[in-house]
Each structure stands twice: as structure tokens, then as C-alpha cells.
Amino acid sequence: MRWLLVLGIFLSLALAGPCGGRPYTLETEEGLLGGQEMSYDGEVLVFEGQACLEREGLYLEASTIRYLEAEGTFQGEELQGEIEGWRLRAKALEGKELKGVVLERGRLRVEAERVGLEAPTQALGVLLTAPAYRVRAEEATLTREEAKLKGLLATPCPCGEDLRLRMEEATFLVATGELKGEATLGLWGLEVPLGEATANANRRPELSSPLVLGGTDSGGWSVGLQDFPLPRPGEEIGRWGRRITLLATGLGVGQEALRLGFREDEMRVALQLGYAPGASAWAGDLFLGFSPDPPDADTPRLEARYTPSLRLENLTLKPFLRYAETARSQGPSLGLEGSYRYAHQEGPFALSLKPEALFALYPFTGYGPYLALAGGVELAYREGDLALRAAYGGRLEPLTPTPPFTWENRDEFQRLQLEGVLGPWGLGYTLENPLGQRLDRLEGRYQDSTLGAFRLAYVRGSLEEVRLAYAMPQPERACCQALWLAPEVGLNREGLTRMGLTLRYYDGCFAYEVRWQNTLKGQYSEATGQSLSFGLALR
């Protein structure tokens, strides 16, 4: 009988692998089909009980898989398994295609309308969700190492596609998350051809607005472009090494100046016209600067500086060689700055130390040497909702209070910080410069994911004041629109000492920020007056 012949074929074709271990197996064009039980229904073979389909790069499993002999096609529902190294779930198997497919691999998730069984694996109607991007593609060809995508649109926006990257064809490297191809960058309704470009689906692009608009009472208004990117072929989106600056500063206070700048990787040049004119250039560790009319006696008319950095595990050394001419002094300086970082953790306790030192000589000038000694120590404890922290940092100039050249000057300071956090509650104390312009700050905090963050601080320095601040909860990234406020106010017995407000509007892609500050009475030499700034950043 025919079914006996078929049964004999099944038993003789048992092969190695998960499917090969089933009692009943059949070799098909798409791989080895198997199951714990088998029945024959006309032209349809029904495999039940851990039914599976297996070939190189593919393993599927379901409660039942039906095989239509005459057509060489399959039927099944609620399948799971693996394909080309991706974990797989599918709603249905129809013919030689999987329908309603979800693929997962590490932090990557792919949803596809259809995935073919044939090798190489073809997927249609693809949506790739990664830590930094959402990627839509009309078609994808999957292997273990990469995916070839067609008709691609990628966006880092949580909602919408106001910022988008279009590629007709692209290569996605699964291990690194790199997305490569000929790209067009879209911003709202504007499309900018980039040529060959790269994006990393695992890393958020470093995008911020190059538009500058802001000002203070003392510094005037600044308007223009700062670090405006000029993409080069093959560069990663948001990590452009070539940028230009065109910025007007000091508007309205008699210090009008125009800043022009160009940067390419470690090479930079800058030119300032108008107030405090000058030119400067950076080439890696080398700096050259010239200013024919310095704004003060400490700004060099001429400066040349070489400052390489050497790193050896936790030790950092920064030797420097400098020549400068100011209205007060001129001549060479030779020095070395170094720091060492030590960290140790034992259970809930953590200890970190960072000693620092700077030593400078001024040959052929008659000036004495300069020495600055600094360091910091921090002890922390964290157990469950309880976190305690004590930190001290300070700097001492034991030889000369002020070096003849201001670049290597490291001002003296002392700072002690004590902090405790228990769940949403926090209490901190900071003491700065106890031997000089002493500043004490005692602050209590409460933070709740629903209510927001509240801060109440008592500050005592050149004047006593109480500061109150509130910040709304940060909106969920999935929220397409949200408004965020963070007001703050300072007051004492005589009235208000300061006011401030930060306002942000979040749309599906960007955060638009307006920040206003008004310091009526400052601590010691703190600048007073109003400041206003505008910002735009990627969510």
C-alpha cells in the first residue's frame, strides 16, 4: 500500500539534527520535515507533535505542519525557531512563505510581512527596530552576517519621520549595527543628498542644532551658525568631522564681532573680526594664535603651544611647551601636568582617588617656577534604595599665587560634598572654599516618576538665600507630543535673588528649548543680569 511505502521512506531518512531525531521524517526541496506523529490525508501529509522543518540556516517548529506533496508546499500556524541566526516567530506558514514574522537578535527586532523559505532568505515589508533607529525597507535579503536592504528609510525619531535617511540600497552589518549606502538626509520637507553615508543602528546620532540665538546683559546677543556640518562620503550620520562656524557675537553691547571658523577632524582654524580681532589654528596637539588688539592684559598678542597627551593605564601625562606675549609678560614656559585615577569596589562600598599635579618653569624670563597640587577622594555606599556618598576635592598653589602666563594657572579651591539618597528622597551638603569665599549649600530633593522632581536649598555665601526648583517628569520617549517645564526661584528677607525658567516642547522627533535666567543678586563675583537662549536637540 502507498502509505506503507511512504512510512518506509520516512523511517529510512532519519538524519542528524533536531528534526532528524523525530520518529517520522521526509526530505523535501526546502529541507527535512519531521514530527512525532504522521498521518496521510489524500495528497496531504500531516506531521504532528513537535512538527519541524529544517535545513542549513533554518529551523521551524509547530504543533502541526501539513505538506502538500503535489505542489511541494506547506501549511502551519504559530511557528517558532531560527533562521540565519535570528530567533523567529511566525503566525502562519503558507506555501513556501512565512506570514507575520518577528525576528530577534540581541537588541535588534525585525517585523516582516512575509519571509521566504528558499535560500538566500528573502523578507518583504520589513521594519527593523534598533536602540537608535527605526528602519523600514521594502525588501531584505538575510544572512548570518548582514542584510541587503532595498527601498530603505531610517529615522532616529520616536514618532514620525521629520528626520530621516533614505537609501535605495543598503548593507546592514548585524554584528556592528552599521548601515551603509548612498543616502539622502531628510529634515522636515528638505532633502539633502549625502552620497555614500553610514549610520549605526545601535548608537544614537550626535545631532544638535547649529543655529545659535541667545544672549546676556553683559555679553550681548549671539546669532549665527556654530559647527555647521559639511558631510564627507562614508562618514557616520551625526559624527561629521568637517564643520564651519559663522557667528555674530556681542550685539547690542558695543562688542560686535564676527567669528569665522573651519574644522576638519583635528585641524581647526578660526578668525575673529571686529571686537578683539585675532586668528588661531589647531593641528592636533599644536596651537598657534595671534591677536593684534587683545581685549585685556592677559590675552596673548602672540601664542604658540604644544600639548601632547600620554596615557598609561590609569596614569595621564600632559607635557606642554609654550611661548606667549601679553601686555604684562612674554617668554617661554615649559611644564608637565599629570593625574592618576584609582578605583576600587568591594561589595556595596566603592573608593576612588585622583591625585593631580602641574609644574611649570619659565626659562630666560627671570620668573620663579609654578606648582599646583590637587586631588580628590570619593567614598560611596550603595545597597538597595540606600546610597551614601562623601567626596573631597581641592587644589593648592604652594609656590606662586599667580603664574606669569594665565594658560597654566589652576586656581585654588576646596570642596566637600556629603550626599544621601533613600528611594525618592535625597539630602546633600556642599562646602566650598572654607578658608576664602566660603559657600555653604544644604539641599533636599524629592523625585517621583509621576509628580516630577522638587528641590529646596539653603545657600549661604556673600548673602543668604533659599532656592526652590521644580522639574516636571520627563515624557516617555513613545509620547509623540509633550510639554516640559522647570521653574526655579531664589529669595531672601529682602525679596527675590534670582528667577529662571526652562521650557521644552517635544514633538515626535525633536526637543525645542527656551531657557531664561535672571540673577538679581549673585554670590560673591557671580554675574548678575538676564540671559536667554534657544536650543534644538534630537529626542
# chains A, B, ... in the order shown; residues from 1 in each chain; ligands from 1

$ closest_atom_pairs --of "stretch 344-425 of chain A" --to "stretch 309-331 of chain A" --cutoff "10 Å" --atoms "only C-alpha atoms" --output "Markdown table"
| residue | atom | partner | partner_atom | distance |
| --- | --- | --- | --- | --- |
| A:Lys354 | CA | A:Asn314 | CA | 9.6 |
| A:Glu356 | CA | A:Thr316 | CA | 9.5 |
| A:Ala357 | CA | A:Leu317 | CA | 9.8 |
| A:Leu358 | CA | A:Lys318 | CA | 9.1 |
| A:Phe359 | CA | A:Pro319 | CA | 9.5 |
| A:Ala360 | CA | A:Phe320 | CA | 8.8 |
| A:Leu361 | CA | A:Leu321 | CA | 9.9 |
| A:Tyr362 | CA | A:Gly331 | CA | 7.3 |
| A:Pro363 | CA | A:Gly331 | CA | 7.9 |
| A:Phe364 | CA | A:Gly331 | CA | 7.3 |
| A:Thr365 | CA | A:Gly331 | CA | 6.1 |
| A:Gly366 | CA | A:Gly331 | CA | 9.8 |
| A:Tyr367 | CA | A:Gly331 | CA | 9.8 |
| A:Pro404 | CA | A:Ser329 | CA | 6.6 |
| A:Phe405 | CA | A:Ser329 | CA | 7.5 |
| A:Thr406 | CA | A:Thr326 | CA | 9.8 |
| A:Trp407 | CA | A:Arg322 | CA | 9.3 |
| A:Glu408 | CA | A:Phe320 | CA | 9.4 |

$ write_last_selection --atoms "N, CA and C atoms" --output "CSV table (one decimal), in the first residue's frame"
chain,number,residue,atom,x,y,z
A,354,LYS,N,42.0,60.4,43.0
A,354,LYS,CA,42.6,61.1,41.8
A,354,LYS,C,43.5,62.2,42.2
A,356,GLU,N,46.5,64.9,41.4
A,356,GLU,CA,46.9,65.7,40.2
A,356,GLU,C,48.0,66.7,40.6
A,357,ALA,N,48.8,67.0,39.6
A,357,ALA,CA,49.9,68.0,39.8
A,357,ALA,C,50.2,68.7,38.5
A,358,LEU,N,50.6,69.9,38.6
A,358,LEU,CA,51.1,70.7,37.5
A,358,LEU,C,52.4,71.5,37.9
A,359,PHE,N,53.4,71.3,37.1
A,359,PHE,CA,54.7,72.1,37.4
A,359,PHE,C,55.2,72.8,36.2
A,360,ALA,N,55.5,74.0,36.3
A,360,ALA,CA,56.0,74.8,35.1
A,360,ALA,C,57.2,75.6,35.5
A,361,LEU,N,58.1,75.7,34.5
A,361,LEU,CA,59.3,76.6,34.5
A,361,LEU,C,59.2,77.6,33.5
A,362,TYR,N,59.9,78.8,33.7
A,362,TYR,CA,59.9,79.9,32.8
A,362,TYR,C,61.3,80.3,32.5
A,363,PRO,N,62.0,79.5,31.6
A,363,PRO,CA,63.4,79.8,31.3
A,363,PRO,C,63.6,81.1,30.6
A,364,PHE,N,64.7,81.8,30.9
A,364,PHE,CA,65.1,83.0,30.2
A,364,PHE,C,64.2,84.2,30.5
A,365,THR,N,63.4,84.1,31.5
A,365,THR,CA,62.4,85.2,31.9
A,365,THR,C,62.7,85.8,33.3
A,366,GLY,N,63.3,85.0,34.1
A,366,GLY,CA,63.5,85.5,35.5
A,366,GLY,C,62.4,85.2,36.5
A,367,TYR,N,61.3,84.6,36.0
A,367,TYR,CA,60.2,84.2,36.8
A,367,TYR,C,60.5,82.9,37.6
A,404,PRO,N,53.0,83.8,35.6
A,404,PRO,CA,53.1,85.0,34.7
A,404,PRO,C,52.2,84.8,33.4
A,405,PHE,N,51.9,83.6,33.1
A,405,PHE,CA,51.1,83.3,31.9
A,405,PHE,C,49.9,82.5,32.3
A,406,THR,N,48.7,83.0,32.0
A,406,THR,CA,47.4,82.6,32.6
A,406,THR,C,47.0,81.2,32.1
A,407,TRP,N,47.6,80.7,31.0
A,407,TRP,CA,47.1,79.4,30.5
A,407,TRP,C,47.3,78.3,31.5
A,408,GLU,N,48.4,78.2,32.2
A,408,GLU,CA,48.7,77.1,33.1
A,408,GLU,C,48.2,77.4,34.5

$ residues_around --residues "A:Arg55" --least-positions-apart "4" --cutoff "12 Å" --atoms "only C-alpha atoms" --output "ChimeraX atom specification"
/A:15-20,27-34,59-60,81-84,117-121

$ write_last_selection --atoms "N, CA, C and O atoms" --output "mmCIF file, in the first residue's frame"
data_model
loop_
_atom_site.group_PDB
_atom_site.id
_atom_site.type_symbol
_atom_site.label_atom_id
_atom_site.label_comp_id
_atom_site.auth_asym_id
_atom_site.auth_seq_id
_atom_site.Cartn_x
_atom_site.Cartn_y
_atom_site.Cartn_z
ATOM 1 N N LEU A 15 17.794 11.761 9.851
ATOM 2 C CA LEU A 15 19.107 12.387 9.732
ATOM 3 C C LEU A 15 19.476 13.044 11.054
ATOM 4 O O LEU A 15 18.666 13.172 11.956
ATOM 5 N N ALA A 16 20.757 13.545 11.137
ATOM 6 C CA ALA A 16 21.229 14.235 12.338
ATOM 7 C C ALA A 16 20.535 15.588 12.456
ATOM 8 O O ALA A 16 20.084 16.152 11.474
ATOM 9 N N GLY A 17 20.491 16.147 13.683
ATOM 10 C CA GLY A 17 19.868 17.430 13.930
ATOM 11 C C GLY A 17 18.549 17.252 14.639
ATOM 12 O O GLY A 17 18.041 16.143 14.796
ATOM 13 N N PRO A 18 17.944 18.383 15.118
ATOM 14 C CA PRO A 18 16.692 18.287 15.870
ATOM 15 C C PRO A 18 15.592 17.568 15.101
ATOM 16 O O PRO A 18 14.883 16.729 15.643
ATOM 17 N N CYS A 19 15.440 17.893 13.817
ATOM 18 C CA CYS A 19 14.387 17.251 13.030
ATOM 19 C C CYS A 19 14.735 15.794 12.733
ATOM 20 O O CYS A 19 13.854 14.936 12.662
ATOM 21 N N GLY A 20 16.024 15.538 12.549
ATOM 22 C CA GLY A 20 16.437 14.169 12.239
ATOM 23 C C GLY A 20 16.158 13.204 13.367
ATOM 24 O O GLY A 20 16.106 11.989 13.152
ATOM 25 N N GLU A 27 12.410 14.049 3.428
ATOM 26 C CA GLU A 27 13.258 15.034 2.758
ATOM 27 C C GLU A 27 12.436 15.739 1.697
ATOM 28 O O GLU A 27 11.863 15.094 0.798
ATOM 29 N N THR A 28 12.359 17.088 1.798
ATOM 30 C CA THR A 28 11.654 17.897 0.804
ATOM 31 C C THR A 28 12.635 18.854 0.144
ATOM 32 O O THR A 28 13.796 18.963 0.541
ATOM 33 N N GLU A 29 12.156 19.584 -0.850
ATOM 34 C CA GLU A 29 13.021 20.552 -1.531
ATOM 35 C C GLU A 29 13.474 21.662 -0.593
ATOM 36 O O GLU A 29 14.531 22.262 -0.786
ATOM 37 N N GLU A 30 12.697 21.967 0.453
ATOM 38 C CA GLU A 30 13.017 23.064 1.366
ATOM 39 C C GLU A 30 13.679 22.587 2.644
ATOM 40 O O GLU A 30 13.930 23.392 3.538
ATOM 41 N N GLY A 31 13.949 21.297 2.764
ATOM 42 C CA GLY A 31 14.621 20.799 3.950
ATOM 43 C C GLY A 31 13.972 19.545 4.489
ATOM 44 O O GLY A 31 13.063 18.956 3.874
ATOM 45 N N LEU A 32 14.419 19.115 5.642
ATOM 46 C CA LEU A 32 13.937 17.898 6.276
ATOM 47 C C LEU A 32 12.688 18.203 7.102
ATOM 48 O O LEU A 32 12.701 19.083 7.963
ATOM 49 N N LEU A 33 11.606 17.469 6.834
ATOM 50 C CA LEU A 33 10.343 17.641 7.524
ATOM 51 C C LEU A 33 10.166 16.468 8.479
ATOM 52 O O LEU A 33 10.412 15.318 8.119
ATOM 53 N N GLY A 34 9.749 16.744 9.728
ATOM 54 C CA GLY A 34 9.621 15.652 10.686
ATOM 55 C C GLY A 34 8.565 15.917 11.720
ATOM 56 O O GLY A 34 8.004 17.013 11.825
ATOM 57 N N TYR A 59 15.414 26.536 11.005
ATOM 58 C CA TYR A 59 14.738 25.531 11.836
ATOM 59 C C TYR A 59 13.396 26.098 12.258
ATOM 60 O O TYR A 59 13.311 27.165 12.866
ATOM 61 N N LEU A 60 12.318 25.371 11.903
ATOM 62 C CA LEU A 60 10.960 25.769 12.264
ATOM 63 C C LEU A 60 10.304 24.649 13.055
ATOM 64 O O LEU A 60 10.524 23.459 12.771
ATOM 65 N N GLY A 81 11.275 29.240 15.934
ATOM 66 C CA GLY A 81 12.523 28.568 15.589
ATOM 67 C C GLY A 81 13.635 29.564 15.347
ATOM 68 O O GLY A 81 13.757 30.569 16.070
ATOM 69 N N GLU A 82 14.400 29.325 14.281
ATOM 70 C CA GLU A 82 15.556 30.168 13.994
ATOM 71 C C GLU A 82 15.790 30.196 12.496
ATOM 72 O O GLU A 82 15.596 29.185 11.795
ATOM 73 N N ILE A 83 16.219 31.370 11.997
ATOM 74 C CA ILE A 83 16.564 31.498 10.588
ATOM 75 C C ILE A 83 17.764 32.424 10.458
ATOM 76 O O ILE A 83 17.741 33.557 10.938
ATOM 77 N N GLU A 84 18.843 31.917 9.898
ATOM 78 C CA GLU A 84 20.076 32.669 9.697
ATOM 79 C C GLU A 84 20.562 33.348 10.973
ATOM 80 O O GLU A 84 21.006 34.495 10.967
ATOM 81 N N LEU A 117 11.039 30.681 2.392
ATOM 82 C CA LEU A 117 11.809 29.551 2.899
ATOM 83 C C LEU A 117 13.075 29.301 2.096
ATOM 84 O O LEU A 117 14.024 28.715 2.598
ATOM 85 N N GLU A 118 13.084 29.706 0.826
ATOM 86 C CA GLU A 118 14.229 29.417 -0.020
ATOM 87 C C GLU A 118 15.464 30.177 0.456
ATOM 88 O O GLU A 118 15.369 31.255 1.033
ATOM 89 N N ALA A 119 16.632 29.600 0.185
ATOM 90 C CA ALA A 119 17.903 30.274 0.459
ATOM 91 C C ALA A 119 18.379 30.970 -0.823
ATOM 92 O O ALA A 119 18.271 30.392 -1.918
ATOM 93 N N PRO A 120 18.906 32.216 -0.737
ATOM 94 C CA PRO A 120 19.021 33.038 0.471
ATOM 95 C C PRO A 120 17.657 33.548 0.936
ATOM 96 O O PRO A 120 16.734 33.688 0.150
ATOM 97 N N THR A 121 17.549 33.817 2.219
ATOM 98 C CA THR A 121 16.279 34.191 2.836
ATOM 99 C C THR A 121 15.849 35.582 2.385
ATOM 100 O O THR A 121 16.581 36.554 2.548
#

$ closest_residue --among "A:Thr143, A:Gln122, A:Asn202, A:Thr129" --to "A:Glu104" --atoms "only C-alpha atoms"
A:Thr129

$ atom_distance --atom1 "atom CA of A:Thr400" --atom2 "atom CA of A:Ser525"
22.8 Å

$ residues_around --residues "A:Ala279" --least-positions-apart "5" --cutoff "8 Å" --atoms "only C-alpha atoms" --output "PyMOL selection string"
chain A and resi 269-272+289-291

$ closest_atom_pairs --of "stretch 94-166 of chain A" --to "stretch 498-509 of chain A" --cutoff "12 Å" --atoms "only C-alpha atoms" --output "Markdown table"
| residue | atom | partner | partner_atom | distance |
| --- | --- | --- | --- | --- |
| A:Tyr133 | CA | A:Cys509 | CA | 11.6 |
| A:Thr155 | CA | A:Cys509 | CA | 9.0 |
| A:Pro156 | CA | A:Cys509 | CA | 7.6 |
| A:Cys157 | CA | A:Cys509 | CA | 4.4 |
| A:Pro158 | CA | A:Gly508 | CA | 5.9 |
| A:Cys159 | CA | A:Gly508 | CA | 4.3 |
| A:Gly160 | CA | A:Gly508 | CA | 5.7 |
| A:Glu161 | CA | A:Cys509 | CA | 7.4 |
| A:Asp162 | CA | A:Cys509 | CA | 6.5 |
| A:Leu163 | CA | A:Cys509 | CA | 7.1 |
| A:Arg164 | CA | A:Cys509 | CA | 10.1 |

$ select_by_dssp --residues "stretch 129-263 of chain A" --states "strand (DSSP E or B)" --output "ChimeraX atom specification"
/A:129,134-142,146-155,163-173,178-187,190-200,208,211-216,220-229,236,242-251,257-263

$ closest_residue --among "A:Trp86, A:Tyr470, A:Tyr446, A:Trp188" --to "A:Leu142" --atoms "only C-alpha atoms"
A:Trp86

$ residues_around --residues "stretch 165-182 of chain A" --least-positions-apart "4" --cutoff "7 Å" --atoms "only C-alpha atoms" --output "PyMOL selection string"
chain A and resi 145-155+186+195-202

$ residues_around --residues "A:Asp440" --least-positions-apart "3" --cutoff "12 Å" --atoms "only C-alpha atoms" --output "list in words"
Gln414, Arg415, Leu416, Gln417, Leu418, Gly428, Tyr429, Thr430, Leu431, Glu432, Asn433, Pro434, Gln437, Glu443, Ala457, Tyr458, Val459, Arg460, Gly461, Ser462, Leu463, Glu464, Glu465, Val466 and Gln523 of chain A

$ closest_residue --among "A:Ala537, A:Ser531, A:Pro403, A:Gln345" --to "A:Ser218" --atoms "only C-alpha atoms"
A:Ser531
